[in-house]
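Undergrad: Structure below; questions to follow.
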Protein chains: 2
Amino acid sequence: MNLKELSKRLNLSQTTVSRALNGYPEVNEATRKRVTEAARKYRYRPNVRARTLATGKSMSIGHIIPMSKQNELVNMVFSDFIAGAGLVYAEHGYNMTLTIVKDDDELEAYRAFAERGAVDGVIVQAPTRNDRRISFLADLDIPFIVHGRASQISAPYGWLDVNNKRAIETATKHLIALGHDRIALLNGLETLDFAIRRREGYLAALDAAGILEDASLMRSDDMSEPNGYEAAMDLLAQETPPTAFVASSMLLALGVKRAIEDRDLEMGRDVSVICFDDDISYLPNAGDTPLFTALRSPVRAAGARCASLLMERIIAPDAPLPNELWEAELVHGTSTGPGPNA
Amino acid sequence: MNLKELSKRLNLSQTTVSRALNGYPEVNEATRKRVTEAARKYRYRPNVRARTLATGKSMSIGHIIPMSKQNELVNMVFSDFIAGAGLVYAEHGYNMTLTIVKDDDELEAYRAFAERGAVDGVIVQAPTRNDRRISFLADLDIPFIVHGRASQISAPYGWLDVNNKRAIETATKHLIALGHDRIALLNGLETLDFAIRRREGYLAALDAAGILEDASLMRSDDMSEPNGYEAAMDLLAQETPPTAFVASSMLLALGVKRAIEDRDLEMGRDVSVICFDDDISYLPNAGDTPLFTALRSPVRAAGARCASLLMERIIAPDAPLPNELWEAELVHGTSTGPGPNA
DNA sequence: CACATTTTTCAAAGCGCTTTGAAAATCCGC
DNA sequence: GCGGATTTTCAAAGCGCTTTGAAAAATGTG
């Protein structure tokens with residue numbers, strides 16, 4: 001059943017039927033009722049392809065997930081992020097167009113989205129320092145919101161970020177206050193902006209305490225459990241192993257925990273661990289006393305908020321660009337305890 | 001730059017330009033070259049909305065992710081599944097339309113996809129015993145593939161499933177062979193078909209060994225780490241605690257592991273754990289000797305295969321419905337050891 | 001009741017492509 | 001160099017909606 005048939009059945013023009021259904025004021029309430037009832041009766045549903053062509057809006061938001069050949073892992077954070085975003089889209093009548101691309105094709109995928117009119121806006125995730133996507137999208141003139149920031153980009157753009165530097169600075173200071181001074185950093189890939197900021201936070205805390213940085217205590221890799229394990233095993237095997245770890249994700253921290261146990265040590269007593277916690281729904285660091293002492297910032301909420309900001313940008317493209325910096329919250333778990341200087 | 005402008009620039013009709021670009025044979029190679037070059041030069045990209053309207057195909061596959069109010073967790077398996085599927089879609093020029101819906105709106109979301117022509121096919125995940133979506137989609141006459149099966153549905157439909165019963169039967173038999181007879185089952189929600197099959201496998205193995213089933217040893221809940229922990233803590237506190245666990249996911253197994261350690265026991269020595277392993281990329285149970293003894297079946301590969309099957313169905317809707325049953329592979333890890341009867 | 005206003009409905013154009021059916025151009029053999 | 005076959009190009013219709021600008025109907029006013 002399409003509009004033509006429906007309007008024929010009703011002895012009305014397509015115009016009137018369309019307007020009745022879309023809530024335009026210039027239609028008699030009696031006929032509107034007649035139309036909506038007929039629409040229900042005949043199960044009329046406007047064809048979305050025709051509608052998007054006519055309106056010029058695709059009512060869809062693009063998310064592009066790059067998948068590298070080296071690190072085949074799709075960020076686990078991602079699924080919670082889109083869960084948050086997706087619900088907001090739905091509330092606004094939008095849906096989400098997801099594209100998984102090999103790394104090299106990434107920019108091209110954004111361009112395809114924009115120039116072919118496939119989506120009305122996009123979300124950029126995990127920006128690098130000087131992320132090419134940002135100016136690229138600005139040139140394409142498509143609304144977008146960055147989850148994170150690209151510190152080397154000066155031109156304004158809309159973003160929502162966690163204060164990664166302060167979060168990790170707080171984490172590190174917490175360990176220092178507990179009496180640790182050999183503190184390892186297991187960071188994410190430092191091509192990513194957030195990882196760089198986290199390192200800065202780590203270094204700032206050491207510096208404030210007069211602790212010299214030690215390159216051998218800093219690692220940077222994909223934030224998977226095995227990588228956390230490997231790095232921790234390696235570090236714990238040093239002559240003077242670290243007494244504490246700052247991990248950039250809960251998965252890394254789980255790897256560290258496994259390494260600690262493998263060496264017959266106890267987490268929270270022999271070795272302290274603090275991590276950044278994205279508050280993933282199926283891997284929660286929860287309870288009255290959570291497993292890990294952590295800096296928590298829920299990624300699902302961030303997804304929802306990014307979606308809202310994007311919706312607003314689409315509605316009002318000339319409004320000032322939103323910039324939001326969220327603070328992570330320190331939660332006390334069982335993974336930290338007094339260090340050698342306590 | 002749209003088709004009209006481009007063809008004007010080239011002094012050709014829209015027909016010819018369109019055909020040249022879409023590789024139709026009835027166009028002179030010389031003009032085709034001229035057209036493709038001009039298209040590149042002017043960065044012409046066909047508008048996807050207009051194209052989908054004209055062709056009647058949306059070139060998009062729908063995935064619907066329900067999010068319950070009770071258990072707010074988005075299945076973790078899901079993100080690896082779509083990573084596999086997404087790449088296959090891309091190869092075929094399709095992309096993925098994702099909708100996150102509250103539970104109640106789920107069927108309606110499928111209907112919207114189908115009747116509004118938003119997608120050319122859908123994937124159904126995590127079917128229940130008598131999943132309403134299957135007949136619903138069959139009625140809507142839209143190509144679909146089910147990841148899993150709905151055992152109470154007799155009408156044919158396309159599916160790809162893991163032999164869940166045999167996998168868990170093998171797992172349980174493995175534990176029995178090791179000398180265990182008090183074996184707990186931590187299952188997923190038994191509204192889901194795969195969970196029911198897994199329980200059947202568990203019971204079949206017990207039965208074959210003449211072990212009486214014990215309802216107090218069987219749990220069923222969301223497959224999250226905390227649920228695994230809670231269930232295991234509870235079970236290990238019984239007068240005669242189980243000496244082995246069959247866990248329906250690696251997250252549950254991780255929870256079990258934590259519980260075992262909390263009770264100062266050692267996994268693989270005091271208590272054995274075997275799990276179903278979806279081989280999630282960022283939470284791998286890998287290495288020469290993986291942490292968990294497990295029945296492994298990679299979910300990303302399943303996603304890719306489901307996508308392929310769906311592409312085939314779209315191309316040839318009258319071909320026989322594909323049904324594929326995959327066997328899980330037993331991998332030996334450190335989490336199992338001899339039981340009391342060894 | 002005639003006229004101006006407002007409300008309601010309509011026919012037709014347009015969104016940017018693909019595709020049909022026909023016309024124009026080219027080619028071929030004799 | 002001519003008629004027929006073939007290759008190449010084209011104008012126009014159509015996909016199913018929304019939206020514009022105008023007409024028709026209803027309402028109000030003096």
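Naming scheme: A, B, ... for chains in displayed order of the structure tokens; residues 1 onward per chain; ligands 1 onward as shown.
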Hey, list the chain A side of the contact with chain C: 9 Å cut-off, only C-alpha atoms (C1' of nucleotides), answer as a PyMOL selection string.
TA: chain A and resi 12-16+26-28+50+52-56
Undergrad: Just N, CA and C atoms for this one: save the residues we selected as a PDB file, in the first residue's frame.
TA:
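Okay, this is what ended up in part_36.pdb:
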```
ATOM      1  N   LEU A  12      -9.000  11.363  -1.779  1.00  0.00           N
ATOM      2  CA  LEU A  12      -8.299  12.593  -1.400  1.00  0.00           C
ATOM      3  C   LEU A  12      -7.032  12.684  -2.242  1.00  0.00           C
ATOM      4  N   SER A  13      -6.456  13.839  -2.266  1.00  0.00           N
ATOM      5  CA  SER A  13      -5.195  13.957  -2.997  1.00  0.00           C
ATOM      6  C   SER A  13      -4.055  13.439  -2.135  1.00  0.00           C
ATOM      7  N   GLN A  14      -2.976  13.086  -2.791  1.00  0.00           N
ATOM      8  CA  GLN A  14      -1.792  12.651  -2.057  1.00  0.00           C
ATOM      9  C   GLN A  14      -1.340  13.740  -1.091  1.00  0.00           C
ATOM     10  N   THR A  15      -1.444  14.952  -1.555  1.00  0.00           N
ATOM     11  CA  THR A  15      -1.035  16.077  -0.717  1.00  0.00           C
ATOM     12  C   THR A  15      -1.725  16.033   0.640  1.00  0.00           C
ATOM     13  N   THR A  16      -3.029  15.943   0.578  1.00  0.00           N
ATOM     14  CA  THR A  16      -3.800  15.988   1.814  1.00  0.00           C
ATOM     15  C   THR A  16      -3.476  14.802   2.717  1.00  0.00           C
ATOM     16  N   GLU A  26      -2.719  22.510   8.232  1.00  0.00           N
ATOM     17  CA  GLU A  26      -3.718  22.924   7.248  1.00  0.00           C
ATOM     18  C   GLU A  26      -4.559  21.753   6.757  1.00  0.00           C
ATOM     19  N   VAL A  27      -5.044  20.971   7.693  1.00  0.00           N
ATOM     20  CA  VAL A  27      -5.928  19.886   7.282  1.00  0.00           C
ATOM     21  C   VAL A  27      -7.012  19.689   8.348  1.00  0.00           C
ATOM     22  N   ASN A  28      -8.210  19.575   7.868  1.00  0.00           N
ATOM     23  CA  ASN A  28      -9.378  19.421   8.724  1.00  0.00           C
ATOM     24  C   ASN A  28      -9.217  18.228   9.672  1.00  0.00           C
ATOM     25  N   ALA A  50      11.700   6.771  -0.621  1.00  0.00           N
ATOM     26  CA  ALA A  50      11.057   7.880  -1.314  1.00  0.00           C
ATOM     27  C   ALA A  50      11.052   9.122  -0.429  1.00  0.00           C
ATOM     28  N   THR A  52      13.105   9.944   2.001  1.00  0.00           N
ATOM     29  CA  THR A  52      14.406  10.586   2.162  1.00  0.00           C
ATOM     30  C   THR A  52      14.796  11.339   0.896  1.00  0.00           C
ATOM     31  N   LEU A  53      14.404  10.800  -0.243  1.00  0.00           N
ATOM     32  CA  LEU A  53      14.728  11.524  -1.471  1.00  0.00           C
ATOM     33  C   LEU A  53      13.964  12.845  -1.518  1.00  0.00           C
ATOM     34  N   ALA A  54      12.710  12.775  -1.173  1.00  0.00           N
ATOM     35  CA  ALA A  54      11.889  13.984  -1.256  1.00  0.00           C
ATOM     36  C   ALA A  54      12.328  15.041  -0.245  1.00  0.00           C
ATOM     37  N   THR A  55      12.679  14.608   0.925  1.00  0.00           N
ATOM     38  CA  THR A  55      13.022  15.585   1.959  1.00  0.00           C
ATOM     39  C   THR A  55      14.480  16.008   1.898  1.00  0.00           C
ATOM     40  N   GLY A  56      15.295  15.194   1.293  1.00  0.00           N
ATOM     41  CA  GLY A  56      16.712  15.529   1.268  1.00  0.00           C
ATOM     42  C   GLY A  56      17.442  15.176   2.544  1.00  0.00           C
TER      43      GLY A  56
END
```
Undergrad: Show me which bits of chain B are within 8 Å of chain A, counting only C-alpha atoms, as a ChimeraX atom specification.
TA: /B:45-50,52-53,58,72-76,78-80,83,86-87,90,95-101,112,115-118,223-226,251,281-284
Undergrad: Save out the residues we just selected, C-alpha atoms, as a compact mmCIF listing (two decimals), in the first residue's frame.
TA:
```txt
# COMPACT_ATOMS: atom_id res chain seq x y z
CA ARG B 45 28.95 10.55 -6.59
CA PRO B 46 25.51 9.24 -7.26
CA ASN B 47 23.10 10.18 -4.55
CA VAL B 48 22.32 7.06 -2.63
CA ARG B 49 18.80 8.13 -1.73
CA ALA B 50 17.84 8.70 -5.33
CA THR B 52 17.76 3.39 -3.81
CA LEU B 53 14.42 4.85 -4.79
CA SER B 58 18.13 -0.07 -0.14
CA GLU B 72 20.70 -3.23 30.49
CA LEU B 73 23.49 -5.12 28.90
CA VAL B 74 24.11 -5.20 25.25
CA ASN B 75 25.48 -8.55 24.39
CA MET B 76 29.20 -8.46 23.99
CA PHE B 78 27.22 -8.80 19.26
CA SER B 79 30.02 -6.42 18.47
CA ASP B 80 32.28 -9.15 17.19
CA ALA B 83 32.49 -6.87 12.81
CA GLY B 86 30.06 -5.73 8.31
CA LEU B 87 33.08 -6.54 6.23
CA ALA B 90 30.95 -3.89 2.49
CA ASN B 95 25.98 -1.36 4.66
CA MET B 96 24.40 -2.05 7.95
CA THR B 97 21.47 -0.28 9.55
CA LEU B 98 21.47 -0.71 13.27
CA THR B 99 18.57 -0.03 15.52
CA ILE B 100 18.68 -0.20 19.27
CA VAL B 101 15.20 -0.71 20.67
CA ALA B 112 9.29 -0.82 10.06
CA GLU B 115 7.41 -2.41 5.22
CA ARG B 116 9.10 0.91 4.82
CA GLY B 117 11.74 -0.57 2.61
CA ALA B 118 14.53 0.59 4.82
CA MET B 223 26.11 -14.09 30.96
CA SER B 224 28.06 -11.38 32.69
CA GLU B 225 31.13 -11.60 34.85
CA PRO B 226 29.37 -10.61 38.08
CA LEU B 251 32.61 -13.89 31.02
CA SER B 281 38.73 -10.66 19.65
CA TYR B 282 39.48 -8.46 22.61
CA LEU B 283 38.97 -11.11 25.24
CA PRO B 284 40.74 -14.04 23.73
```
Undergrad: Which parts of region 74-153 of chain B does DSSP call strand (DSSP E or B) when run on the backbone here, written out as number ranges by chain?
TA: B: 95-102, 121-125, 128, 144-147
Undergrad: If you keep C-alpha atoms, can you produce a file of those selected residues as an mmCIF file, in the first residue's frame?
TA:
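Output saved as selection.cif:
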```cif
data_model
loop_
_atom_site.group_PDB
_atom_site.id
_atom_site.type_symbol
_atom_site.label_atom_id
_atom_site.label_comp_id
_atom_site.auth_asym_id
_atom_site.auth_seq_id
_atom_site.Cartn_x
_atom_site.Cartn_y
_atom_site.Cartn_z
ATOM 1 C CA ASN B 95 25.981 -1.365 4.660
ATOM 2 C CA MET B 96 24.397 -2.047 7.954
ATOM 3 C CA THR B 97 21.472 -0.284 9.555
ATOM 4 C CA LEU B 98 21.472 -0.715 13.265
ATOM 5 C CA THR B 99 18.569 -0.027 15.519
ATOM 6 C CA ILE B 100 18.684 -0.197 19.273
ATOM 7 C CA VAL B 101 15.203 -0.710 20.671
ATOM 8 C CA LYS B 102 13.547 -1.236 23.964
ATOM 9 C CA GLY B 121 17.316 -8.096 4.593
ATOM 10 C CA VAL B 122 17.781 -8.644 8.280
ATOM 11 C CA ILE B 123 19.737 -10.780 10.659
ATOM 12 C CA VAL B 124 17.994 -12.278 13.663
ATOM 13 C CA GLN B 125 20.148 -12.916 16.660
ATOM 14 C CA THR B 128 14.136 -17.943 21.704
ATOM 15 C CA PHE B 144 16.553 -13.002 6.703
ATOM 16 C CA ILE B 145 19.020 -15.322 8.332
ATOM 17 C CA VAL B 146 18.841 -16.460 11.919
ATOM 18 C CA HIS B 147 21.993 -16.766 13.930
#
```
Undergrad: Using only C-alpha atoms (C1' of nucleotides), which of A:Leu6, A:Ile64, A:Ala259, A:Leu21 sits nearest DT18 (chain D)?
TA: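 Comparing A:Leu6, A:Ile64, A:Ala259, A:Leu21 against DT18 (chain D), the winner is A:Leu21.
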Undergrad: Fewer than 3 positions away in the same chain doesn't count, so skip those; otherwise give me all residues within 8 Å of Thr334 (chain A), counting only C-alpha atoms (C1' of nucleotides), as JSON, numbers by chain.
TA: {"A": [267, 268, 289, 290, 291, 292, 293, 337]}
Undergrad: Could you list, as JSON, numbers by chain, the residues of chain D having an atom within 10 Å of chain B when counting only C-alpha atoms (C1' of nucleotides)?
TA: {"D": [7, 8, 9, 10, 11, 14, 15, 16, 17]}
Undergrad: If you measure from CA of Ser7 (chain B) to CA of Ala39 (chain B), what distance in Å do you get, rounded to one decimal?
TA: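 CA of Ala39 (chain B) lies 9.6 Å from CA of Ser7 (chain B).
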Undergrad: Can you list, as a count of residues only, all residues belonging to region 3-216 of chain B that DSSP tags as alpha helix (DSSP H)?
TA: 102
Undergrad: Work out how far CA of His332 (chain B) is from CA of Gly179 (chain B), in Å to one decimal.
TA: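 Computed distance, CA of Gly179 (chain B) to CA of His332 (chain B), equals 16.1 Å.
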Undergrad: I'd like the contact shell of Asn323 (chain A) - 6 Å cut-off, only C-alpha atoms (C1' of nucleotides), skipping same-chain residues fewer than 6 positions apart - returned as a list of chain:residue names.
TA: A:Gly158, A:Trp159, A:Leu160
Undergrad: Can you spit out the residues from that selection as a PDB file, in the first residue's frame, using C-alpha atoms?
TA:
```pdb
ATOM      1  CA  GLY A 158      32.165  19.810  18.317  1.00  0.00           C
ATOM      2  CA  TRP A 159      33.426  17.345  20.846  1.00  0.00           C
ATOM      3  CA  LEU A 160      32.687  15.530  24.048  1.00  0.00           C
TER       4      LEU A 160
END
```
